[in-house]
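What follows is a single structure, written as structure tokens, with notes after it.
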Amino acid sequence: MSFNIDTFKTHFEELGFLQTNKFEVTVSPPKIFSNRRLINNQSEISISSISDALRFRIEAVRAPGIQILFDDNTRYGIGPTQKQPFNAQLNEISINFIVDYDSILWQFWHNWINNIFQHSGTNNSYPTYLAKYKDDFSTIIDIDIYTNDGNLSQTIELYQAFPTAISEVPLTWGDQNNPLRMSVTLSFSEYQILGSGLT
């Protein structure tokens, strides 16, 4: 079949296409933040307000990918090999966000990681170097993707999600008038595209 530019254009006009900048990330606070407030220079900030602020500050995220793991097997013990699936591997993702004037978002992620494994002292106390239970520090994170009209196209829900790393933050006098950005790596055990399946 020969290529027809009109058919190609009609296809895109009818189905449209998503753009990479139409998204929103919602981070539900984990149990370790329940009924707690973040202390920042003698001020107290509610965790829910920090979660709301993240929706506007997260400027980049990678939607999760998946890789099927295979064993190479031979049907009769000899001859050509065929791939036999035995597991699925989910890769960690990262989010990038712009830090606010009072560093509240920076401290939010620091305190979250510190409450997974206390590597840093708090309130002038020494670190305990103890780990918490996963059910207490993991949460649900939603990645909403929108059409150009602002309609929700799909929601990707990450289960048992939690931060595993905060990237180092470069500070330099020579870089002027640029927003301070941070990157956090997230792990999760499962994900689902809500409302999607086969009948």
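If you're wondering about the labels, chains in the structure tokens are A, B, ... by order shown, residues count from 1 in each chain, ligands from 1 in order shown.
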What are the closest atom pairs, with distances in Å to one decimal, for each residue of range 36-147 of chain A lying within 12 Å of range 155-177 of chain A, using only C-alpha atoms, rows by chain and rising residue number, as a Markdown table?
```
| residue | atom | partner | partner_atom | distance |
| --- | --- | --- | --- | --- |
| A:Val61 | CA | A:Ile156 | CA | 12.0 |
| A:Arg62 | CA | A:Ile156 | CA | 11.2 |
| A:Ala63 | CA | A:Ile156 | CA | 7.8 |
| A:Pro64 | CA | A:Ile156 | CA | 8.4 |
| A:Gly65 | CA | A:Ile156 | CA | 11.2 |
| A:Leu90 | CA | A:Leu158 | CA | 10.8 |
| A:Asn91 | CA | A:Leu158 | CA | 11.9 |
| A:Glu92 | CA | A:Thr164 | CA | 8.9 |
| A:Ile93 | CA | A:Pro163 | CA | 9.6 |
| A:Ser94 | CA | A:Pro163 | CA | 9.0 |
| A:Ile95 | CA | A:Pro163 | CA | 9.9 |
| A:Asn96 | CA | A:Ser167 | CA | 9.8 |
| A:Phe97 | CA | A:Ile166 | CA | 11.4 |
| A:Ile98 | CA | A:Val169 | CA | 11.6 |
| A:Val99 | CA | A:Val169 | CA | 10.8 |
| A:Leu105 | CA | A:Ile166 | CA | 11.8 |
| A:Trp106 | CA | A:Ile166 | CA | 9.2 |
| A:Gln107 | CA | A:Ile166 | CA | 10.9 |
| A:Phe108 | CA | A:Pro163 | CA | 11.0 |
| A:Trp109 | CA | A:Pro163 | CA | 7.6 |
| A:His110 | CA | A:Ile166 | CA | 7.7 |
| A:Asn111 | CA | A:Pro163 | CA | 10.6 |
| A:Trp112 | CA | A:Pro163 | CA | 7.6 |
| A:Ile113 | CA | A:Pro163 | CA | 6.4 |
| A:Asn114 | CA | A:Pro163 | CA | 10.2 |
| A:Asn115 | CA | A:Pro163 | CA | 10.7 |
| A:Ile116 | CA | A:Phe162 | CA | 8.8 |
| A:Phe117 | CA | A:Thr164 | CA | 10.1 |
| A:Tyr133 | CA | A:Gln160 | CA | 11.5 |
| A:Lys134 | CA | A:Gln160 | CA | 7.8 |
| A:Asp135 | CA | A:Gln160 | CA | 7.6 |
| A:Asp136 | CA | A:Gln160 | CA | 9.7 |
| A:Phe137 | CA | A:Phe162 | CA | 6.7 |
| A:Ser138 | CA | A:Gln160 | CA | 4.7 |
| A:Thr139 | CA | A:Gln160 | CA | 5.0 |
| A:Ile140 | CA | A:Tyr159 | CA | 4.9 |
| A:Ile141 | CA | A:Leu158 | CA | 5.1 |
| A:Asp142 | CA | A:Glu157 | CA | 4.6 |
| A:Ile143 | CA | A:Ile156 | CA | 5.1 |
| A:Asp144 | CA | A:Thr155 | CA | 4.5 |
| A:Ile145 | CA | A:Thr155 | CA | 6.4 |
| A:Tyr146 | CA | A:Thr155 | CA | 9.0 |
```
Return as a PyMOL selection string the full set of residues in range 80-164 of chain A whose backbone-based DSSP assignment is alpha helix (DSSP H). chain A and resi 104-114+134-137
Could you save those same residues with all heavy atoms as a compact mmCIF listing (two decimals), in the first residue's frame?
```txt
# COMPACT_ATOMS: atom_id res chain seq x y z
N ILE A 104 10.90 23.98 52.11
CA ILE A 104 9.97 23.06 52.76
C ILE A 104 9.91 21.73 52.01
O ILE A 104 9.91 20.66 52.62
CB ILE A 104 8.57 23.70 52.89
CG1 ILE A 104 8.64 24.87 53.88
CG2 ILE A 104 7.53 22.69 53.33
CD1 ILE A 104 7.41 25.74 53.89
N LEU A 105 9.87 21.80 50.66
CA LEU A 105 9.78 20.57 49.89
C LEU A 105 11.06 19.74 50.03
O LEU A 105 11.01 18.51 50.07
CB LEU A 105 9.50 20.89 48.42
CG LEU A 105 8.19 21.62 48.14
CD1 LEU A 105 8.00 21.82 46.65
CD2 LEU A 105 7.01 20.86 48.74
N TRP A 106 12.19 20.40 50.07
CA TRP A 106 13.47 19.72 50.29
C TRP A 106 13.42 18.95 51.62
O TRP A 106 13.76 17.78 51.70
CB TRP A 106 14.59 20.75 50.28
CG TRP A 106 15.99 20.21 50.30
CD1 TRP A 106 16.40 18.97 50.70
CD2 TRP A 106 17.17 20.91 49.90
NE1 TRP A 106 17.78 18.86 50.57
CE2 TRP A 106 18.26 20.04 50.09
CE3 TRP A 106 17.40 22.19 49.42
CZ2 TRP A 106 19.58 20.42 49.81
CZ3 TRP A 106 18.71 22.57 49.13
CH2 TRP A 106 19.77 21.69 49.31
N GLN A 107 12.95 19.65 52.66
CA GLN A 107 12.90 19.04 53.99
C GLN A 107 11.83 17.94 54.08
O GLN A 107 11.98 16.98 54.84
CB GLN A 107 12.66 20.13 55.03
CG GLN A 107 13.82 21.10 55.13
CD GLN A 107 13.53 22.29 56.00
OE1 GLN A 107 12.79 22.19 56.98
NE2 GLN A 107 14.09 23.45 55.66
N PHE A 108 10.77 18.08 53.30
CA PHE A 108 9.74 17.04 53.26
C PHE A 108 10.34 15.71 52.81
O PHE A 108 10.16 14.68 53.46
CB PHE A 108 8.62 17.47 52.30
CG PHE A 108 7.63 16.39 51.97
CD1 PHE A 108 6.62 16.05 52.85
CD2 PHE A 108 7.71 15.71 50.76
CE1 PHE A 108 5.69 15.07 52.54
CE2 PHE A 108 6.79 14.72 50.43
CZ PHE A 108 5.78 14.40 51.33
N TRP A 109 11.08 15.73 51.69
CA TRP A 109 11.69 14.49 51.19
C TRP A 109 12.79 13.99 52.13
O TRP A 109 12.95 12.79 52.34
CB TRP A 109 12.23 14.69 49.77
CG TRP A 109 11.15 14.91 48.77
CD1 TRP A 109 10.80 16.08 48.16
CD2 TRP A 109 10.24 13.92 48.26
NE1 TRP A 109 9.75 15.87 47.29
CE2 TRP A 109 9.39 14.56 47.34
CE3 TRP A 109 10.07 12.56 48.49
CZ2 TRP A 109 8.39 13.88 46.65
CZ3 TRP A 109 9.07 11.87 47.81
CH2 TRP A 109 8.25 12.53 46.91
N HIS A 110 13.56 14.91 52.70
CA HIS A 110 14.60 14.52 53.65
C HIS A 110 13.99 13.80 54.85
O HIS A 110 14.48 12.74 55.28
CB HIS A 110 15.40 15.75 54.11
CG HIS A 110 16.26 15.47 55.31
ND1 HIS A 110 17.47 14.81 55.22
CD2 HIS A 110 16.08 15.73 56.63
CE1 HIS A 110 18.01 14.70 56.42
NE2 HIS A 110 17.18 15.24 57.29
N ASN A 111 12.93 14.37 55.40
CA ASN A 111 12.30 13.75 56.57
C ASN A 111 11.64 12.43 56.22
O ASN A 111 11.61 11.51 57.05
CB ASN A 111 11.27 14.72 57.19
CG ASN A 111 11.92 15.75 58.08
OD1 ASN A 111 12.23 15.48 59.23
ND2 ASN A 111 12.15 16.94 57.55
N TRP A 112 11.12 12.32 55.01
CA TRP A 112 10.52 11.04 54.59
C TRP A 112 11.60 9.95 54.55
O TRP A 112 11.44 8.88 55.13
CB TRP A 112 9.87 11.22 53.22
CG TRP A 112 9.02 10.06 52.77
CD1 TRP A 112 8.99 8.79 53.28
CD2 TRP A 112 8.06 10.08 51.71
NE1 TRP A 112 8.08 8.01 52.60
CE2 TRP A 112 7.49 8.78 51.63
CE3 TRP A 112 7.64 11.04 50.80
CZ2 TRP A 112 6.53 8.44 50.68
CZ3 TRP A 112 6.67 10.70 49.87
CH2 TRP A 112 6.12 9.42 49.81
N ILE A 113 12.72 10.24 53.88
CA ILE A 113 13.80 9.25 53.80
C ILE A 113 14.39 8.98 55.18
O ILE A 113 14.71 7.83 55.52
CB ILE A 113 14.87 9.72 52.80
CG1 ILE A 113 14.39 9.46 51.37
CG2 ILE A 113 16.21 9.06 53.06
CD1 ILE A 113 15.42 9.70 50.29
N ASN A 114 14.49 9.99 56.01
CA ASN A 114 15.05 9.81 57.34
C ASN A 114 14.13 8.97 58.23
O ASN A 114 14.57 8.37 59.20
CB ASN A 114 15.32 11.16 58.00
CG ASN A 114 16.27 11.05 59.17
OD1 ASN A 114 17.24 10.30 59.13
ND2 ASN A 114 16.00 11.80 60.22
N LYS A 134 7.72 -1.15 56.01
CA LYS A 134 7.36 -0.64 54.69
C LYS A 134 5.93 -0.10 54.65
O LYS A 134 5.66 0.90 53.99
CB LYS A 134 7.55 -1.72 53.63
CG LYS A 134 7.38 -1.21 52.22
CD LYS A 134 7.70 -2.29 51.20
CE LYS A 134 7.62 -1.75 49.78
NZ LYS A 134 7.92 -2.79 48.77
N ASP A 135 5.02 -0.75 55.36
CA ASP A 135 3.63 -0.28 55.36
C ASP A 135 3.51 1.13 55.94
O ASP A 135 2.56 1.85 55.64
CB ASP A 135 2.74 -1.24 56.17
CG ASP A 135 2.44 -2.52 55.41
OD1 ASP A 135 2.73 -2.57 54.19
OD2 ASP A 135 1.93 -3.46 56.03
N ASP A 136 4.46 1.50 56.78
CA ASP A 136 4.42 2.83 57.41
C ASP A 136 5.02 3.92 56.53
O ASP A 136 4.60 5.08 56.61
CB ASP A 136 5.14 2.81 58.75
CG ASP A 136 4.42 1.96 59.79
OD1 ASP A 136 3.18 1.85 59.69
OD2 ASP A 136 5.09 1.40 60.68
N PHE A 137 6.02 3.56 55.70
CA PHE A 137 6.68 4.61 54.92
C PHE A 137 6.33 4.60 53.44
O PHE A 137 6.76 5.48 52.68
CB PHE A 137 8.20 4.58 55.10
CG PHE A 137 8.90 3.32 54.63
CD1 PHE A 137 9.03 3.03 53.29
CD2 PHE A 137 9.47 2.44 55.55
CE1 PHE A 137 9.69 1.89 52.85
CE2 PHE A 137 10.13 1.29 55.13
CZ PHE A 137 10.24 1.02 53.77
```
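Taking CA of Glu14 in chain A and CA of Asp149 in chain A as endpoints, the distance between them is 14.3 Å.
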Name the closest residue to Asp102 in chain A among the candidates A:Thr147, A:Ser189, A:Phe8, A:Ile39; distances are taken between atoms, counting only C-alpha atoms. A:Ile39
I'd like the contact shell of Gly16 in chain A - 12 Å cut-off, only C-alpha atoms, skipping same-chain residues fewer than 3 positions apart - returned as a PyMOL selection string. chain A and resi 8-13+19+147-149+153
